[in-house]
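Trainee: Data: my_file-v3.tsv, TSV, C-alpha atoms.
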```
chain	number	residue	atom	x	y	z
Q	202	GLU	CA	-83.37	-228.11	-32.27
Q	203	GLU	CA	-83.68	-229.48	-28.74
Q	204	LEU	CA	-80.00	-229.95	-27.95
Q	205	LEU	CA	-78.52	-226.65	-29.14
Q	206	PRO	CA	-80.75	-224.40	-26.98
Q	207	CYS	CA	-80.03	-226.63	-23.96
Q	208	LEU	CA	-76.27	-226.40	-24.49
Q	209	TYR	CA	-76.42	-222.62	-24.86
Q	210	LEU	CA	-78.55	-222.08	-21.76
Q	211	MET	CA	-76.32	-224.39	-19.75
Q	212	GLY	CA	-73.41	-222.08	-20.44
Q	213	ILE	CA	-71.56	-223.86	-23.27
Q	214	SER	CA	-69.74	-221.27	-25.36
Q	215	THR	CA	-70.24	-221.14	-29.11
Q	216	GLY	CA	-66.66	-222.26	-29.70
Q	217	ASP	CA	-67.20	-225.40	-27.62
Q	218	PHE	CA	-70.43	-226.46	-29.32
Q	219	SER	CA	-68.72	-228.51	-32.01
Q	220	ASP	CA	-66.76	-230.62	-29.51
Q	221	ALA	CA	-69.80	-231.07	-27.26
Q	222	LEU	CA	-72.03	-232.16	-30.14
Q	223	LYS	CA	-69.35	-234.46	-31.54
Q	224	ALA	CA	-69.06	-236.18	-28.16
Q	225	LEU	CA	-72.83	-236.57	-27.90
Q	226	LEU	CA	-73.77	-237.34	-31.51
Q	227	GLY	CA	-70.63	-238.73	-33.07
Q	228	GLU	CA	-68.54	-237.73	-36.06
Q	229	GLN	CA	-71.55	-236.65	-38.11
Q	230	ALA	CA	-71.84	-233.56	-35.88
Q	231	LYS	CA	-68.39	-232.21	-36.69
Q	232	GLY	CA	-69.82	-229.99	-39.45
Q	233	LEU	CA	-71.56	-227.85	-36.85
Q	234	SER	CA	-68.78	-225.29	-36.60
Q	235	ALA	CA	-68.86	-222.11	-34.51
Q	236	ASN	CA	-69.91	-220.10	-37.58
Q	237	VAL	CA	-72.81	-222.47	-38.26
Q	238	ILE	CA	-73.94	-222.18	-34.64
Q	239	VAL	CA	-73.80	-218.39	-34.81
Q	240	ARG	CA	-75.97	-218.40	-37.95
Q	241	LEU	CA	-78.47	-220.78	-36.31
Q	242	LYS	CA	-78.74	-218.58	-33.23
Q	243	GLU	CA	-79.36	-215.52	-35.40
Q	244	LYS	CA	-82.00	-217.38	-37.41
Q	245	TRP	CA	-83.78	-218.49	-34.23
Q	246	SER	CA	-83.64	-214.96	-32.82
Q	247	GLN	CA	-85.42	-213.71	-35.94
Q	248	GLU	CA	-87.99	-216.53	-35.64
Q	249	TYR	CA	-88.67	-215.55	-32.03
Q	250	VAL	CA	-89.22	-211.89	-32.94
Q	251	ALA	CA	-91.69	-212.86	-35.69
Q	252	TRP	CA	-93.49	-215.34	-33.41
Q	253	ASN	CA	-93.72	-212.72	-30.67
Q	254	ARG	CA	-95.56	-210.41	-33.08
Q	255	ARG	CA	-97.93	-212.96	-34.61
Q	256	ASP	CA	-101.65	-212.23	-34.96
Q	257	LEU	CA	-103.78	-213.97	-32.30
Q	258	SER	CA	-107.24	-212.83	-33.38
Q	259	ASP	CA	-108.23	-216.36	-34.44
Q	260	GLN	CA	-107.02	-217.97	-31.19
Q	261	HIS	CA	-109.17	-218.98	-28.23
Q	262	TYR	CA	-107.67	-220.77	-25.25
Q	263	VAL	CA	-110.07	-222.50	-22.86
Q	264	TYR	CA	-107.38	-222.99	-20.21
Q	265	VAL	CA	-104.05	-221.25	-19.65
Q	266	TRP	CA	-101.06	-222.17	-17.48
Q	267	ALA	CA	-98.69	-219.46	-16.22
Q	268	ASP	CA	-95.30	-219.69	-14.52
Q	269	GLY	CA	-92.22	-217.60	-13.88
Q	270	ILE	CA	-89.02	-219.52	-14.63
Q	271	HIS	CA	-85.82	-218.34	-12.93
Q	272	VAL	CA	-83.01	-219.63	-15.11
Q	273	ASN	CA	-79.93	-217.78	-13.84
Q	274	VAL	CA	-79.24	-216.44	-17.32
Q	275	ARG	CA	-78.13	-212.81	-17.50
Q	276	LEU	CA	-81.07	-211.06	-19.15
Q	277	GLU	CA	-80.07	-207.48	-18.39
Q	278	ASP	CA	-76.91	-205.54	-17.71
Q	279	LYS	CA	-77.91	-204.96	-14.10
Q	280	GLU	CA	-76.91	-208.21	-12.41
Q	281	ASN	CA	-78.56	-207.25	-9.11
Q	282	GLN	CA	-82.04	-207.36	-10.61
Q	283	ARG	CA	-83.66	-210.75	-10.37
Q	284	GLN	CA	-84.91	-211.50	-13.85
Q	285	CYS	CA	-87.07	-214.43	-14.89
Q	286	MET	CA	-88.83	-215.87	-17.92
Q	287	LEU	CA	-92.61	-215.42	-18.00
Q	288	VAL	CA	-94.15	-218.43	-19.72
Q	289	LEU	CA	-97.79	-218.81	-20.76
Q	290	MET	CA	-99.26	-221.84	-22.46
Q	291	GLY	CA	-102.87	-222.65	-23.31
Q	292	ALA	CA	-105.30	-225.35	-24.37
Q	293	THR	CA	-107.27	-224.83	-27.57
Q	294	ALA	CA	-110.91	-225.69	-28.16
Q	295	GLU	CA	-109.64	-228.97	-29.65
Q	296	GLY	CA	-107.70	-229.80	-26.50
Q	297	HIS	CA	-104.21	-229.21	-27.88
Q	298	LYS	CA	-101.66	-227.48	-25.65
Q	299	GLU	CA	-99.80	-224.60	-27.24
Q	300	LEU	CA	-97.11	-222.16	-26.23
Q	301	ILE	CA	-98.63	-218.66	-26.09
Q	302	ALA	CA	-95.85	-216.43	-24.78
Q	303	VAL	CA	-92.23	-216.50	-23.59
Q	304	GLN	CA	-90.95	-213.14	-22.36
Q	305	ASP	CA	-88.53	-211.85	-19.77
Q	306	GLY	CA	-89.84	-210.07	-16.70
Q	307	TYR	CA	-88.74	-208.61	-13.40
Q	308	ARG	CA	-89.38	-210.75	-10.28
Q	309	GLU	CA	-92.63	-212.18	-11.73
Q	310	SER	CA	-94.14	-208.74	-10.96
Q	311	GLU	CA	-97.68	-207.64	-11.69
Q	312	GLN	CA	-96.32	-205.01	-14.10
Q	313	SER	CA	-94.35	-207.60	-16.10
Q	314	TRP	CA	-97.37	-209.90	-16.41
Q	315	HIS	CA	-99.62	-206.91	-17.19
Q	316	GLU	CA	-97.36	-205.94	-20.09
Q	317	LEU	CA	-97.38	-209.51	-21.40
Q	318	LEU	CA	-101.19	-209.86	-21.21
Q	319	ILE	CA	-101.76	-206.40	-22.69
Q	320	ASP	CA	-99.55	-207.34	-25.64
Q	321	LEU	CA	-101.53	-210.56	-26.19
Q	322	LYS	CA	-104.82	-208.68	-26.05
Q	323	GLN	CA	-103.62	-206.04	-28.49
Q	324	ARG	CA	-102.65	-208.80	-30.91
Q	325	GLY	CA	-106.17	-210.23	-30.84
Q	326	LEU	CA	-106.43	-212.57	-27.85
Q	327	THR	CA	-109.65	-210.96	-26.60
Q	328	VAL	CA	-111.68	-214.00	-25.49
Q	329	ALA	CA	-111.01	-214.71	-21.80
Q	330	PRO	CA	-109.87	-218.23	-20.86
Q	331	GLN	CA	-112.29	-220.09	-18.62
Q	332	LEU	CA	-109.59	-221.12	-16.14
Q	333	ALA	CA	-106.01	-220.07	-15.41
Q	334	VAL	CA	-103.56	-222.28	-13.51
Q	335	GLY	CA	-100.52	-220.93	-11.69
Q	336	ASP	CA	-98.50	-220.50	-8.52
Q	337	GLY	CA	-100.10	-218.37	-5.81
Q	338	ALA	CA	-97.05	-216.10	-5.56
Q	339	LEU	CA	-97.29	-214.79	-9.11
Q	340	GLY	CA	-98.04	-211.16	-9.90
Q	341	PHE	CA	-99.92	-212.83	-12.76
Q	342	TRP	CA	-103.18	-212.97	-10.76
Q	343	LYS	CA	-103.48	-209.21	-10.20
Q	344	ALA	CA	-102.78	-208.59	-13.87
Q	345	LEU	CA	-105.24	-211.28	-14.95
Q	346	ARG	CA	-108.06	-209.84	-12.82
Q	347	LYS	CA	-107.67	-206.47	-14.53
Q	348	LEU	CA	-107.50	-207.75	-18.11
Q	349	TYR	CA	-109.54	-210.98	-18.03
Q	350	PRO	CA	-111.77	-210.63	-14.93
Q	351	GLU	CA	-114.09	-213.44	-16.09
Q	352	THR	CA	-111.33	-216.07	-15.87
Q	353	ARG	CA	-111.50	-218.47	-12.90
Q	354	GLU	CA	-108.32	-219.09	-10.88
Q	355	GLN	CA	-106.77	-222.45	-10.02
Q	356	ARG	CA	-103.70	-222.62	-7.79
Q	357	CYS	CA	-101.05	-225.17	-8.69
Q	358	TRP	CA	-101.02	-228.08	-6.21
Q	359	PHE	CA	-97.36	-228.85	-6.97
Q	360	HIS	CA	-96.27	-225.39	-5.83
Q	361	LYS	CA	-98.71	-225.27	-2.92
Q	362	THR	CA	-97.61	-228.64	-1.59
Q	363	GLY	CA	-93.97	-227.56	-1.63
Q	364	ASN	CA	-94.77	-224.24	0.06
Q	365	VAL	CA	-96.79	-225.91	2.83
Q	366	LEU	CA	-94.21	-228.65	3.49
Q	367	ASN	CA	-91.39	-226.11	3.66
Q	368	LYS	CA	-93.08	-224.67	6.77
Q	369	MET	CA	-93.05	-228.06	8.55
Q	370	PRO	CA	-90.25	-230.20	10.03
Q	371	LYS	CA	-88.80	-232.81	7.69
Q	372	SER	CA	-89.90	-235.58	10.05
Q	373	VAL	CA	-93.54	-234.55	9.55
Q	374	GLN	CA	-93.41	-233.88	5.83
Q	375	PRO	CA	-94.08	-237.43	4.51
Q	376	ARG	CA	-97.29	-237.73	6.55
Q	377	ALA	CA	-98.37	-234.20	5.71
Q	378	LYS	CA	-97.74	-234.79	2.00
Q	379	ALA	CA	-99.96	-237.89	2.10
Q	380	ASP	CA	-102.70	-235.86	3.83
Q	381	LEU	CA	-102.46	-233.12	1.20
Q	382	HIS	CA	-102.77	-235.82	-1.45
Q	383	GLU	CA	-106.10	-236.82	0.11
Q	384	ILE	CA	-107.42	-233.31	-0.55
Q	385	TRP	CA	-106.62	-232.85	-4.23
Q	386	MET	CA	-107.34	-236.48	-5.13
Q	387	ALA	CA	-110.80	-236.47	-3.52
Q	388	ASP	CA	-113.56	-237.47	-5.93
Q	389	THR	CA	-115.88	-234.59	-4.97
Q	390	ARG	CA	-115.51	-231.05	-3.64
Q	391	GLU	CA	-117.35	-232.10	-0.45
Q	392	HIS	CA	-114.83	-234.86	0.23
Q	393	ALA	CA	-112.01	-232.45	-0.55
Q	394	HIS	CA	-113.35	-229.98	2.01
Q	395	GLN	CA	-113.55	-232.80	4.56
Q	396	ALA	CA	-109.91	-233.74	3.92
Q	397	PHE	CA	-109.02	-230.03	4.01
Q	398	GLY	CA	-110.64	-229.65	7.43
Q	399	ALA	CA	-108.96	-232.80	8.70
Q	400	PHE	CA	-105.54	-231.45	7.66
Q	401	LEU	CA	-106.10	-228.12	9.42
Q	402	GLU	CA	-107.34	-229.83	12.57
Q	403	LYS	CA	-104.43	-232.29	12.60
Q	404	TYR	CA	-101.62	-229.78	12.03
Q	405	GLY	CA	-103.09	-226.37	12.96
Q	406	ALA	CA	-101.93	-226.24	16.57
Q	407	LYS	CA	-98.28	-227.12	15.93
Q	408	TYR	CA	-97.79	-225.72	12.44
Q	409	PRO	CA	-100.06	-222.65	12.06
Q	410	GLU	CA	-97.94	-221.05	9.31
Q	411	ALA	CA	-98.22	-224.17	7.14
Q	412	CYS	CA	-101.97	-224.29	7.65
Q	413	GLU	CA	-102.36	-220.58	6.90
Q	414	CYS	CA	-100.37	-221.07	3.69
Q	415	LEU	CA	-102.81	-223.80	2.67
Q	416	SER	CA	-106.10	-222.28	3.81
Q	417	LYS	CA	-105.62	-218.80	2.30
Q	418	ASP	CA	-106.10	-220.23	-1.22
Q	419	ARG	CA	-108.76	-222.78	-0.33
Q	420	ASP	CA	-111.32	-221.83	-3.00
Q	421	GLU	CA	-108.69	-221.37	-5.70
Q	422	LEU	CA	-107.15	-224.76	-4.93
Q	423	LEU	CA	-110.49	-226.49	-5.50
Q	424	ALA	CA	-111.73	-224.61	-8.58
Q	425	PHE	CA	-111.00	-227.61	-10.83
Q	426	TYR	CA	-114.09	-229.41	-9.47
Q	427	ASP	CA	-116.25	-227.17	-11.69
Q	428	PHE	CA	-114.59	-228.53	-14.82
Q	429	PRO	CA	-114.67	-231.93	-16.56
Q	430	ALA	CA	-113.15	-234.72	-14.45
Q	431	GLU	CA	-111.13	-235.88	-17.47
Q	432	HIS	CA	-109.27	-232.55	-17.34
Q	433	TRP	CA	-108.48	-232.54	-13.62
Q	434	LYS	CA	-104.99	-233.99	-13.89
Q	435	HIS	CA	-104.12	-231.24	-16.38
Q	436	LEU	CA	-105.64	-228.45	-14.28
Q	437	ARG	CA	-104.20	-229.15	-10.84
Q	438	THR	CA	-100.62	-228.24	-11.75
Q	439	THR	CA	-98.40	-226.19	-14.04
Q	440	ASN	CA	-96.36	-229.34	-14.72
Q	441	PRO	CA	-96.20	-228.90	-18.54
Q	442	ILE	CA	-94.19	-225.70	-18.00
Q	443	GLU	CA	-92.22	-227.12	-15.07
Q	444	SER	CA	-91.12	-230.21	-16.96
Q	445	THR	CA	-90.22	-228.25	-20.10
Q	446	PHE	CA	-87.80	-225.96	-18.26
Q	447	SER	CA	-86.69	-228.25	-15.43
Q	448	THR	CA	-83.32	-229.01	-17.04
Q	449	ILE	CA	-82.49	-225.34	-17.46
Q	450	ARG	CA	-83.80	-223.89	-14.20
Q	451	LEU	CA	-81.49	-226.09	-12.14
Q	452	ARG	CA	-78.34	-224.67	-13.71
Q	453	HIS	CA	-76.28	-222.05	-11.87
Q	454	ARG	CA	-73.76	-221.03	-14.52
Q	455	ARG	CA	-74.41	-217.71	-16.25
Q	456	THR	CA	-73.90	-217.26	-19.96
Q	457	LYS	CA	-71.68	-214.31	-20.84
Q	458	GLY	CA	-71.14	-212.02	-23.75
Q	459	SER	CA	-73.02	-209.45	-25.78
Q	460	GLY	CA	-76.50	-210.22	-27.03
Q	461	THR	CA	-77.15	-212.60	-24.13
Q	462	ARG	CA	-80.69	-211.43	-23.45
Q	463	ARG	CA	-81.77	-211.61	-27.10
Q	464	THR	CA	-80.20	-215.01	-27.70
Q	465	SER	CA	-81.40	-216.43	-24.38
Q	466	LEU	CA	-84.99	-215.49	-25.20
Q	467	ALA	CA	-84.63	-217.15	-28.60
Q	468	MET	CA	-83.14	-220.30	-27.03
Q	469	MET	CA	-85.97	-220.50	-24.47
Q	470	PHE	CA	-88.45	-220.12	-27.31
Q	471	LYS	CA	-86.84	-222.92	-29.34
Q	472	LEU	CA	-86.62	-225.18	-26.29
Q	473	ALA	CA	-90.32	-224.69	-25.55
Q	474	GLN	CA	-91.24	-225.17	-29.21
Q	475	ALA	CA	-89.41	-228.49	-29.27
Q	476	ALA	CA	-91.12	-229.58	-26.04
Q	477	GLN	CA	-94.51	-228.58	-27.44
Q	478	LYS	CA	-94.29	-231.42	-29.95
Q	479	HIS	CA	-94.50	-233.85	-27.03
Q	480	TRP	CA	-97.26	-232.16	-25.04
Q	481	LYS	CA	-100.21	-234.50	-24.71
Q	482	ARG	CA	-103.69	-233.57	-25.80
Q	483	LEU	CA	-106.18	-233.09	-22.98
Q	484	ASN	CA	-107.96	-236.25	-21.90
Q	485	GLY	CA	-111.66	-236.03	-22.74
Q	486	HIS	CA	-111.09	-233.10	-25.06
Q	487	GLN	CA	-114.60	-233.67	-26.41
Q	488	GLN	CA	-115.92	-232.15	-23.18
Q	489	ILE	CA	-114.55	-228.74	-24.10
Q	490	HIS	CA	-117.43	-227.95	-26.42
Q	491	HIS	CA	-119.80	-228.31	-23.43
Q	492	LEU	CA	-117.77	-225.67	-21.59
Q	493	LEU	CA	-117.89	-223.38	-24.61
Q	494	GLU	CA	-121.67	-223.81	-24.72
Q	495	GLY	CA	-121.87	-222.62	-21.12
Q	496	LYS	CA	-122.94	-225.94	-19.63
Q	497	THR	CA	-122.31	-226.68	-15.96
Q	498	PHE	CA	-120.07	-229.31	-14.42
Q	499	VAL	CA	-120.43	-230.34	-10.77
Q	500	ASP	CA	-117.63	-232.45	-9.30
Q	501	GLY	CA	-116.42	-233.02	-12.85
Q	502	VAL	CA	-119.76	-234.36	-14.13
Q	503	LEU	CA	-121.82	-232.64	-16.83
Q	504	GLN	CA	-125.19	-231.50	-15.52
Q	505	GLU	CA	-128.04	-232.16	-17.88
Q	506	ALA	CA	-130.65	-229.46	-18.33
Q	507	ALA	CA	-133.81	-230.05	-16.28
```
Rewrite the structure of this file - the entire thing - as structure tokens.
Mentor:
Amino acid sequence: EELLPCLYLMGISTGDFSDALKALLGEQAKGLSANVIVRLKEKWSQEYVAWNRRDLSDQHYVYVWADGIHVNVRLEDKENQRQCMLVLMGATAEGHKELIAVQDGYRESEQSWHELLIDLKQRGLTVAPQLAVGDGALGFWKALRKLYPETREQRCWFHKTGNVLNKMPKSVQPRAKADLHEIWMADTREHAHQAFGAFLEKYGAKYPEACECLSKDRDELLAFYDFPAEHWKHLRTTNPIESTFSTIRLRHRRTKGSGTRRTSLAMMFKLAQAAQKHWKRLNGHQQIHHLLEGKTFVDGVLQEAA
């Protein structure tokens, strides 16, 4: 289940699957002929369609992570349009991470994310998550504010760090990366603001674009301080999505042939489903019930009622 979607999305043709699997798994894989692979792909496509229509009225996700994955797979006939996969995962009230949606979109646009979120809401996902985590460049945020305005926003530190460093000379990047680390690893919001100010003062004169990139999302980068400290490492990054699709997003070969979009969506779905089995439960998941009760956390610590 994990290997076949990877091979397909890496550009291996159906006719070559048998040889590839035999080389990787040994003689026992020789029974996976081209016809068997075709039937598996059709079965998984049907599973994806059913999953994409499932009822969500009993679901409540405390946190959600959003990302747009550019995989260089031809998703439409128009090759000049930059397509991507829109991926949404969430954390349940029990602290388990689940895949919520995998759909194709256009340039991570607001309209594409709006259509995805509208579909989820129409299928019963009406309770707003308490916090959403994602890259600052996503059209996701504009769509989220319209459909779930109560949800707090947390920018991904992995993406932000890369964006800031890209605006600085390579010779400066190691020091700047260490200084950014001091911000998001600070034990309190006050200390984070101090490290934030120190970074801007240190680099502002020479690298104003880098500092503007950092400072424009200041509040959203530090939102995690209002949530349990045990959850911080989960909330500062979209890493669960990044790591799931990292193998695929680095490939440059396009798959060809009819039905590419349909099969590619199904393969992405199966790949994410397989990865979901290895997603770790949130640390301190017991704290979630305090969030659901409306209790307050300051610098990650539960505040007792006076």
Trainee: Using all atoms listed in the file, which of the listed residues (Q:Leu300, Q:Val328, Q:Val237, Q:Ala267) sits closest to Glu354 (chain Q)?
Mentor: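 Going through Q:Leu300, Q:Val328, Q:Val237, Q:Ala267 one by one, the smallest distance to Glu354 (chain Q) is for Q:Ala267.
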Trainee: For a test of reading the model, state the distance in Å between CA of Tyr264 (chain Q) and CA of Val502 (chain Q), rounded to one decimal.
Mentor: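 A separation of 17.9 Å between them.
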Trainee: In Å, with one decimal, what is the gap from CA of Leu348 (chain Q) to CA of Lys496 (chain Q)?
Mentor: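 Computing it gives 23.9 Å between the two atoms.
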Trainee: Using only C-alpha atoms for the distances, tell me which of Q:Leu423, Q:Cys414, Q:Ile442, Q:Met369 is nearest to Trp385 (chain Q).
Mentor: Q:Leu423
Trainee: Restricting the calculation to all atoms listed in the file, which member of Q:Val263, Q:Ala424, Q:Leu493, Q:Ala476 is positioned closest to Pro330 (chain Q)?
Mentor: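 Looking only at the distances to Pro330 (chain Q), the closest residue turns out to be Q:Val263.
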Trainee: Which residue, Q:Val499, Q:Ala379, Q:Val250, Q:Met468, has the smallest gap to Thr362 (chain Q) when you use all atoms listed in the file?
Mentor: Q:Ala379
Trainee: Just the residues within 10 Å of Leu332 (chain Q), please, counting only C-alpha atoms, with nothing from its chain fewer than 6 positions along; format it as a list in words.
Mentor: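 The residues that qualify are Tyr262, Val263, Tyr264, Val265, Trp266, Gly291, Glu351, Thr352, Arg353, Glu354, Gln355, Ala424, Phe425, Phe428 and Leu436 of chain Q.
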Trainee: Considering all atoms listed in the file, state which residue in the set Q:Asp427, Q:Glu391, Q:Glu311, Q:Asp268 is at the smallest distance from Thr439 (chain Q).
Mentor: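 For Thr439 (chain Q), the nearest of the given residues is Q:Asp268.
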Trainee: May I ask which of the residues Q:Ser313, Q:Gln247, Q:Gln487, Q:Gln395 is the closest one to Glu383 (chain Q), counting all atoms listed in the file?
Mentor: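 The answer is Q:Gln395, which sits nearest to Glu383 (chain Q).
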Trainee: Can you tell me how far CA of Phe359 (chain Q) sits from CA of Lys478 (chain Q), in Å to one decimal?
Mentor: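 Going from CA of Phe359 (chain Q) over to CA of Lys478 (chain Q), I get 23.3 Å.
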Trainee: Place a sphere of radius 9 Å on (-110.4, -234.6, -21.7) in the file coordinates and name every protein, DNA or RNA residue with an atom inside or on its surface, counting all atoms listed in the file; give the answer as an MDAnalysis selection string.
Mentor: chainID Q and resid 296 429:433 435 482:489
Trainee: Residues as selected, C-alpha atoms, written as a CSV table (one decimal), keeping the file's coordinate frame, can you do that?
Mentor:
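Output file selection_34.csv follows:
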```
chain,number,residue,atom,x,y,z
Q,296,GLY,CA,-107.7,-229.8,-26.5
Q,429,PRO,CA,-114.7,-231.9,-16.6
Q,430,ALA,CA,-113.2,-234.7,-14.4
Q,431,GLU,CA,-111.1,-235.9,-17.5
Q,432,HIS,CA,-109.3,-232.6,-17.3
Q,433,TRP,CA,-108.5,-232.5,-13.6
Q,435,HIS,CA,-104.1,-231.2,-16.4
Q,482,ARG,CA,-103.7,-233.6,-25.8
Q,483,LEU,CA,-106.2,-233.1,-23.0
Q,484,ASN,CA,-108.0,-236.2,-21.9
Q,485,GLY,CA,-111.7,-236.0,-22.7
Q,486,HIS,CA,-111.1,-233.1,-25.1
Q,487,GLN,CA,-114.6,-233.7,-26.4
Q,488,GLN,CA,-115.9,-232.2,-23.2
Q,489,ILE,CA,-114.6,-228.7,-24.1
```
Trainee: Quick one: residues within 10 Å of Arg356 (chain Q), all atoms listed in the file counted, chain neighbours fewer than 6 positions away excluded, as a ChimeraX atom specification?
Mentor: /Q:333-338,418-425,436-439
Trainee: List as CSV every residue of region 345-398 of chain Q that is in contact with region 315-326 of chain Q, defined as an atom at most 12 Å from one of its atoms (using only C-alpha atoms), together with the nearest atom pair and the distance in Å rounded to one decimal, sorted by chain and then rising number.
Mentor:
```
residue,atom,partner,partner_atom,distance
Q:Leu345,CA,Q:His315,CA,7.5
Q:Arg346,CA,Q:His315,CA,9.9
Q:Lys347,CA,Q:His315,CA,8.5
Q:Leu348,CA,Q:Leu318,CA,7.3
Q:Tyr349,CA,Q:Leu318,CA,9.0
```
